[in-house]
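J.: Here it is, the structure in full.
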Amino acid sequence: MSASVSSLSPAILNLIEHLPALQVAIPMLGAAFVAMMRNGLLAWFVSLIISLLMPIIALFLLHETFVNGIVSYALGGWAPPVGIEYRVDVANAFVLVIVSVMAAITLPYARKVVALEIAEENRSWFYSMYLLCLCGLLGIAITGDAFNAFVFLEVSSLSTYAMIAMGRDRRALVAAYQYLIMGTIGATLYVVGVGLLYVMTGTLNFADMAVRLKEIEETRPILAALSFITVGLSLKIALFPLHKWLPNAYAYSPTMATVFLASTATKVAIYLLIRFVYTIYGPSLELVETSAVTVFVILSLAAMFIASFAACFQKNIERMLAFSSVAQIGYITLGISFAVKTGLTGGLVHLVNHAFMKGALFMCTGAMMMRLGNVKLQAVEGIGRTMPITMGLFVAAGLSLIGVPGTVGFVSKWYLALAAFETGQSWLAFAIMASSFIAVVYIGRIVEIAYFREPKGAALLAKDPPPSMILPMIILVVACFYFGIQADLTAKTAELAADAFLSSAQGTWGAVQ
Amino acid sequence: MIFEEFINYYNYFITLFLMSSGLYIVVARGNMVKKLVGLGLFQTSVYLLYLSPGKILGGTPPILAEGYEVYSNPLPHVLILTAIVVGVATLGLGLALVVRIHEAYGTIEEDEIFSKGDDLQEEDNKNSTLPGDAK
């Protein structure tokens, strides 16, 4: 990876060589470092520095993949496929950028809410867990080794359980416990699938696995492995009907954890699923013909409608947004199941778009939570008058969630609808439209309550949060509109990532060594 | 014939039996500690899935020396060592959560906790009401 950077000095060149490892190692070491601190503010500052560093590395890697194609890094100098390989193509780098950018935007927001919600002596532990989670998520996205992905999956999950358990009241403990049970079942099913693949192919390296799967026949253990991996990862993705853990986990965890997890955690699991379905199984199985695709379409539709309906009946804004997340995941998996370029692009661009808008919505909700103590519907009556900026941003991000033209939500739905027409399933395009109208209902309900009712109680005294919290919200909402009008940057990158997945499904991923 | 197949693949049958009984305990039991025991069984069965195909009858540990030619695959052992660490961490965290749940609710039976959940929702919110202004 030296072609574009040959003019730099050897020391920097050496550093650049090791960027894929640093992407994961820095937050991991940072987590250990932060865990030893007793000062919450210092812990926040170190986490902030690390979180700001991550997008720089991720963007650099993305640039490298644009210039040189696949970046392969042998961890510890052990050559793949025996050693662990970090293999980055446009698709990985795209996910790395989403996760790290959301981390960098969340951290400035985090200081005030964490200081409010988490006891002084636990703050550095909380940031330590956050950094471990970041490390795990980036690790899943960057690694080219199936078992290494499992380890990172568990690193991110275990730290997530701990973060959720630090929530405001005791229900957070039950939510964390339930997520632990579900998450561990998911991860174990994944590792069963990987075990079967290892027994059949004798390798754990993604690229190598894809090549060897093509050579052996379509045997039952191979298909069993696919189903184990799909179900296991669907638990992590919170694909309907395996989403039961998600609403409680999001609603009761500390605000900062909700913002970060809602915009990153499920996305990374979706990436891993696409990697398995397209890159590893793609060359040997005909995707379109498998009945699994039909199942995915049905489950995605169920998520889009049932979870959206459920969102309309929630009495708590955080739970409403959590159900909406389940619905939005349905759009992403629908995009994947089309198995054509436009559909995959739609799914991938919705990964980043959903991160922007759900991040913004949860941030606004967190600000209301900070002023009101809870975000039940009767608590936020009239809040549009006393917290105008927060509520204004909430509505703007909500418009994007609905998919109003000019917002990012519209861009993703446009691609999905195109894919529906392209594959001759035009009724799916109408289903996408129809489910968007349900979003109008649940967002509209909040707007009505917040603007057309008299504020009372705590809502009378509430005011907009400090600039350190407003600014990240504004950045995300501006991103919602900017990338809605200038869709080139996100949509083009998503298109390239979709290309990378589809070409790897032709068996080229293993070819470039 | 069926018996022969069973003998040939008996390690997988044991794995499957342990796996499904573990998963059954997780689903069927309401006691949170028992659930974790089931989860542990479920995870442990996977170790067998990895380890048993790595063993070759008559094979030695992977030592490079004169006279040792057939050896077992060492990689599954390394992988499962990692998986054991993950399993221990999960169980530890799970038990820690159960201790905290017991402190908070006074019970570790899931249905008792859920029956308390809604009644105390209002009260919980009052208790957790935060000061209006963060400094």
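Chain labels run A, B, ... following the order of the structure tokens; each chain numbers its residues from 1, and ligands are numbered from 1 in the order shown.
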Pull the closest atom pair for each residue of chain A that gets at most 10 Å from chain B, along with the distance in Å to one decimal, counting only C-alpha atoms, ordering rows by chain and then ascending residue number, as CSV.
T.:
residue,atom,partner,partner_atom,distance
A:Val82,CA,B:Leu75,CA,9.8
A:Lys112,CA,B:Ala134,CA,6.9
A:Val113,CA,B:Ala134,CA,8.2
A:Ala115,CA,B:Ala134,CA,8.0
A:Leu116,CA,B:Ala134,CA,6.4
A:Glu117,CA,B:Leu130,CA,8.1
A:Phe147,CA,B:Leu79,CA,7.6
A:Asn148,CA,B:Leu79,CA,9.2
A:Phe150,CA,B:Ala83,CA,9.0
A:Val151,CA,B:Val86,CA,7.6
A:Glu154,CA,B:Val86,CA,7.0
A:Val155,CA,B:Val86,CA,8.3
A:Ser157,CA,B:Thr90,CA,9.5
A:Leu158,CA,B:Thr90,CA,6.9
A:Ser159,CA,B:Leu93,CA,9.7
A:Tyr161,CA,B:Leu93,CA,8.3
A:Ala162,CA,B:Leu93,CA,7.8
A:Ala165,CA,B:Leu97,CA,7.7
A:Arg168,CA,B:Ser128,CA,6.6
A:Asp169,CA,B:Ser128,CA,6.5
A:Arg170,CA,B:Ala104,CA,6.2
A:Arg171,CA,B:Gly117,CA,7.7
A:Ala172,CA,B:Ile101,CA,9.5
A:Leu173,CA,B:Ile101,CA,6.2
A:Val174,CA,B:Ile101,CA,6.9
A:Ala176,CA,B:Leu97,CA,7.8
A:Tyr177,CA,B:Leu97,CA,6.4
A:Gln178,CA,B:Gly94,CA,9.6
A:Leu180,CA,B:Gly94,CA,7.0
A:Ile181,CA,B:Leu39,CA,7.4
A:Met182,CA,B:Val26,CA,9.7
A:Thr184,CA,B:Thr90,CA,7.7
A:Ile185,CA,B:Leu39,CA,7.5
A:Ala187,CA,B:Gln43,CA,9.5
A:Thr188,CA,B:Gln43,CA,6.3
A:Leu189,CA,B:Val46,CA,8.9
A:Val191,CA,B:Val46,CA,7.7
A:Val192,CA,B:Val46,CA,6.3
A:Gly193,CA,B:Val46,CA,10.0
A:Val194,CA,B:Tyr50,CA,9.5
A:Gly195,CA,B:Tyr50,CA,5.9
A:Leu196,CA,B:Leu49,CA,8.1
A:Tyr198,CA,B:Tyr50,CA,8.5
A:Val199,CA,B:Pro53,CA,7.1
A:Met368,CA,B:Gly132,CA,9.8
A:Met369,CA,B:Leu130,CA,8.4
A:Met370,CA,B:Gly132,CA,6.7
A:Arg371,CA,B:Gly132,CA,4.7
A:Leu372,CA,B:Gly132,CA,6.4
A:Gly373,CA,B:Thr129,CA,4.3
A:Asn374,CA,B:Asn125,CA,6.8
A:Val375,CA,B:Asn125,CA,9.9
A:Lys376,CA,B:Asn125,CA,9.6
A:Ala458,CA,B:Gly132,CA,7.8
A:Ala459,CA,B:Gly132,CA,9.7
A:Leu461,CA,B:Gly132,CA,8.0
A:Ala462,CA,B:Gly132,CA,7.1
A:Lys463,CA,B:Asp133,CA,8.8
A:Pro465,CA,B:Asp133,CA,8.6
A:Pro466,CA,B:Ala134,CA,9.0
J.: Contacts of Ser324 of chain A at 10 Å or less, counting only C-alpha atoms, minus same-chain residues fewer than 4 places along, as a ChimeraX atom specification?
T.: /A:247,303-312,318-320,328-330,358,401,438-439,442-443
J.: Those same residues - N, CA and C atoms - I'd like them written as a PDB file, in the first residue's frame.
T.:
ATOM      1  N   PRO A 247     -35.617  -3.452  22.035  1.00  0.00           N
ATOM      2  CA  PRO A 247     -36.299  -2.284  22.618  1.00  0.00           C
ATOM      3  C   PRO A 247     -35.914  -2.024  24.069  1.00  0.00           C
ATOM      4  N   ALA A 303     -40.801  -6.988   9.547  1.00  0.00           N
ATOM      5  CA  ALA A 303     -40.141  -5.983  10.385  1.00  0.00           C
ATOM      6  C   ALA A 303     -40.639  -4.590  10.026  1.00  0.00           C
ATOM      7  N   MET A 304     -40.704  -4.293   8.705  1.00  0.00           N
ATOM      8  CA  MET A 304     -41.088  -2.950   8.256  1.00  0.00           C
ATOM      9  C   MET A 304     -42.486  -2.592   8.730  1.00  0.00           C
ATOM     10  N   PHE A 305     -43.402  -3.580   8.734  1.00  0.00           N
ATOM     11  CA  PHE A 305     -44.789  -3.257   9.087  1.00  0.00           C
ATOM     12  C   PHE A 305     -45.086  -3.468  10.568  1.00  0.00           C
ATOM     13  N   ILE A 306     -44.762  -4.676  11.067  1.00  0.00           N
ATOM     14  CA  ILE A 306     -45.165  -4.989  12.444  1.00  0.00           C
ATOM     15  C   ILE A 306     -44.406  -4.115  13.440  1.00  0.00           C
ATOM     16  N   ALA A 307     -43.083  -3.979  13.237  1.00  0.00           N
ATOM     17  CA  ALA A 307     -42.314  -3.156  14.176  1.00  0.00           C
ATOM     18  C   ALA A 307     -42.722  -1.692  14.074  1.00  0.00           C
ATOM     19  N   SER A 308     -43.051  -1.222  12.860  1.00  0.00           N
ATOM     20  CA  SER A 308     -43.505   0.160  12.724  1.00  0.00           C
ATOM     21  C   SER A 308     -44.837   0.364  13.441  1.00  0.00           C
ATOM     22  N   PHE A 309     -45.747  -0.614  13.304  1.00  0.00           N
ATOM     23  CA  PHE A 309     -47.024  -0.525  14.019  1.00  0.00           C
ATOM     24  C   PHE A 309     -46.789  -0.501  15.516  1.00  0.00           C
ATOM     25  N   ALA A 310     -45.884  -1.393  15.973  1.00  0.00           N
ATOM     26  CA  ALA A 310     -45.586  -1.444  17.404  1.00  0.00           C
ATOM     27  C   ALA A 310     -45.055  -0.101  17.875  1.00  0.00           C
ATOM     28  N   ALA A 311     -44.256   0.556  17.019  1.00  0.00           N
ATOM     29  CA  ALA A 311     -43.698   1.861  17.389  1.00  0.00           C
ATOM     30  C   ALA A 311     -44.811   2.876  17.642  1.00  0.00           C
ATOM     31  N   CYS A 312     -45.913   2.772  16.894  1.00  0.00           N
ATOM     32  CA  CYS A 312     -47.013   3.724  17.037  1.00  0.00           C
ATOM     33  C   CYS A 312     -47.692   3.622  18.395  1.00  0.00           C
ATOM     34  N   GLU A 318     -38.125   6.643  23.668  1.00  0.00           N
ATOM     35  CA  GLU A 318     -36.966   5.781  23.409  1.00  0.00           C
ATOM     36  C   GLU A 318     -37.396   4.406  22.902  1.00  0.00           C
ATOM     37  N   ARG A 319     -38.440   3.843  23.509  1.00  0.00           N
ATOM     38  CA  ARG A 319     -38.922   2.542  23.032  1.00  0.00           C
ATOM     39  C   ARG A 319     -39.485   2.667  21.620  1.00  0.00           C
ATOM     40  N   MET A 320     -40.170   3.787  21.358  1.00  0.00           N
ATOM     41  CA  MET A 320     -40.706   4.008  20.020  1.00  0.00           C
ATOM     42  C   MET A 320     -39.581   4.009  18.988  1.00  0.00           C
ATOM     43  N   GLN A 328     -36.356  -0.233  10.533  1.00  0.00           N
ATOM     44  CA  GLN A 328     -35.352   0.251   9.575  1.00  0.00           C
ATOM     45  C   GLN A 328     -34.389  -0.861   9.181  1.00  0.00           C
ATOM     46  N   ILE A 329     -34.098  -1.764  10.135  1.00  0.00           N
ATOM     47  CA  ILE A 329     -33.244  -2.913   9.815  1.00  0.00           C
ATOM     48  C   ILE A 329     -33.924  -3.748   8.729  1.00  0.00           C
ATOM     49  N   GLY A 330     -35.263  -3.788   8.776  1.00  0.00           N
ATOM     50  CA  GLY A 330     -36.016  -4.483   7.734  1.00  0.00           C
ATOM     51  C   GLY A 330     -35.713  -3.931   6.350  1.00  0.00           C
ATOM     52  N   LYS A 358     -30.878   7.983  13.175  1.00  0.00           N
ATOM     53  CA  LYS A 358     -31.197   7.419  14.489  1.00  0.00           C
ATOM     54  C   LYS A 358     -30.266   7.994  15.541  1.00  0.00           C
ATOM     55  N   LEU A 401     -36.316  10.148   8.673  1.00  0.00           N
ATOM     56  CA  LEU A 401     -36.727   8.776   8.977  1.00  0.00           C
ATOM     57  C   LEU A 401     -37.928   8.379   8.120  1.00  0.00           C
ATOM     58  N   ILE A 438     -46.434   4.702   7.898  1.00  0.00           N
ATOM     59  CA  ILE A 438     -46.571   4.387   9.325  1.00  0.00           C
ATOM     60  C   ILE A 438     -45.593   5.244  10.120  1.00  0.00           C
ATOM     61  N   ALA A 439     -44.406   5.479   9.524  1.00  0.00           N
ATOM     62  CA  ALA A 439     -43.428   6.350  10.194  1.00  0.00           C
ATOM     63  C   ALA A 439     -44.000   7.755  10.365  1.00  0.00           C
ATOM     64  N   TYR A 442     -46.045   7.664  13.660  1.00  0.00           N
ATOM     65  CA  TYR A 442     -45.411   7.724  14.977  1.00  0.00           C
ATOM     66  C   TYR A 442     -44.558   8.970  15.178  1.00  0.00           C
ATOM     67  N   ILE A 443     -43.967   9.493  14.108  1.00  0.00           N
ATOM     68  CA  ILE A 443     -43.233  10.754  14.267  1.00  0.00           C
ATOM     69  C   ILE A 443     -44.234  11.900  14.443  1.00  0.00           C
TER      70      ILE A 443
END
J.: Set the distance at 12 Å and use only C-alpha atoms: which residues neighbour Ala93 of chain A once local chain neighbours fewer than 4 positions away are removed? I'd like the list as a PyMOL selection string.
T.: chain A and resi 20+23+54-66+69-71+86-89+97-101+138-143+268+271+493-494+496-497+500
J.: Tell me, which residues of segment 18-124 of chain A carry DSSP strand (DSSP E), written as a PyMOL selection string?
T.: chain A and resi 71-74+85-88
J.: Write to file, as a PDB file, in the first residue's frame, the residues of the selection just made, with N, CA and C atoms.
T.:
ATOM      1  N   VAL A  71      -6.669  -4.187   0.523  1.00  0.00           N
ATOM      2  CA  VAL A  71      -5.521  -4.048   1.410  1.00  0.00           C
ATOM      3  C   VAL A  71      -5.473  -5.288   2.294  1.00  0.00           C
ATOM      4  N   SER A  72      -4.366  -6.017   2.225  1.00  0.00           N
ATOM      5  CA  SER A  72      -4.235  -7.219   3.044  1.00  0.00           C
ATOM      6  C   SER A  72      -3.121  -7.018   4.059  1.00  0.00           C
ATOM      7  N   TYR A  73      -3.425  -7.315   5.316  1.00  0.00           N
ATOM      8  CA  TYR A  73      -2.445  -7.112   6.372  1.00  0.00           C
ATOM      9  C   TYR A  73      -2.321  -8.398   7.166  1.00  0.00           C
ATOM     10  N   ALA A  74      -1.094  -8.926   7.245  1.00  0.00           N
ATOM     11  CA  ALA A  74      -0.877 -10.173   7.993  1.00  0.00           C
ATOM     12  C   ALA A  74      -0.578  -9.814   9.439  1.00  0.00           C
ATOM     13  N   GLU A  85      -5.658 -12.684   8.981  1.00  0.00           N
ATOM     14  CA  GLU A  85      -5.478 -11.653   7.980  1.00  0.00           C
ATOM     15  C   GLU A  85      -6.496 -10.543   8.205  1.00  0.00           C
ATOM     16  N   TYR A  86      -6.042  -9.300   8.114  1.00  0.00           N
ATOM     17  CA  TYR A  86      -6.981  -8.181   8.054  1.00  0.00           C
ATOM     18  C   TYR A  86      -7.095  -7.802   6.592  1.00  0.00           C
ATOM     19  N   ARG A  87      -8.285  -8.000   6.062  1.00  0.00           N
ATOM     20  CA  ARG A  87      -8.451  -7.823   4.632  1.00  0.00           C
ATOM     21  C   ARG A  87      -9.497  -6.742   4.395  1.00  0.00           C
ATOM     22  N   VAL A  88      -9.054  -5.623   3.850  1.00  0.00           N
ATOM     23  CA  VAL A  88      -9.947  -4.478   3.704  1.00  0.00           C
ATOM     24  C   VAL A  88     -10.213  -4.220   2.237  1.00  0.00           C
TER      25      VAL A  88
END
J.: For Gly58 of chain B, please output as a PyMOL selection string all residues within 12 Å (counting only C-alpha atoms; exclusion window: fewer than 4 positions along the same chain).
T.: chain B and resi 68-72
J.: Could you check how far atom CA of Leu261 of chain A sits from atom CA of Thr160 of chain A, in Å to one decimal?
T.: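 Here the two named atoms are 8.1 Å from each other.
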J.: Just to confirm, what's the straight-line distance from atom CA of Pro27 of chain A to atom CA of Thr333 of chain A in Å (one decimal)?
T.: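 Result for atom CA of Pro27 of chain A versus atom CA of Thr333 of chain A: 29.4 Å, one decimal.
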J.: As a ChimeraX atom specification, please: all residues of chain B that backbone DSSP puts in helix (DSSP H, G or I).
T.: /B:2-8,10-28,32-54,75-105,110-117,121-128
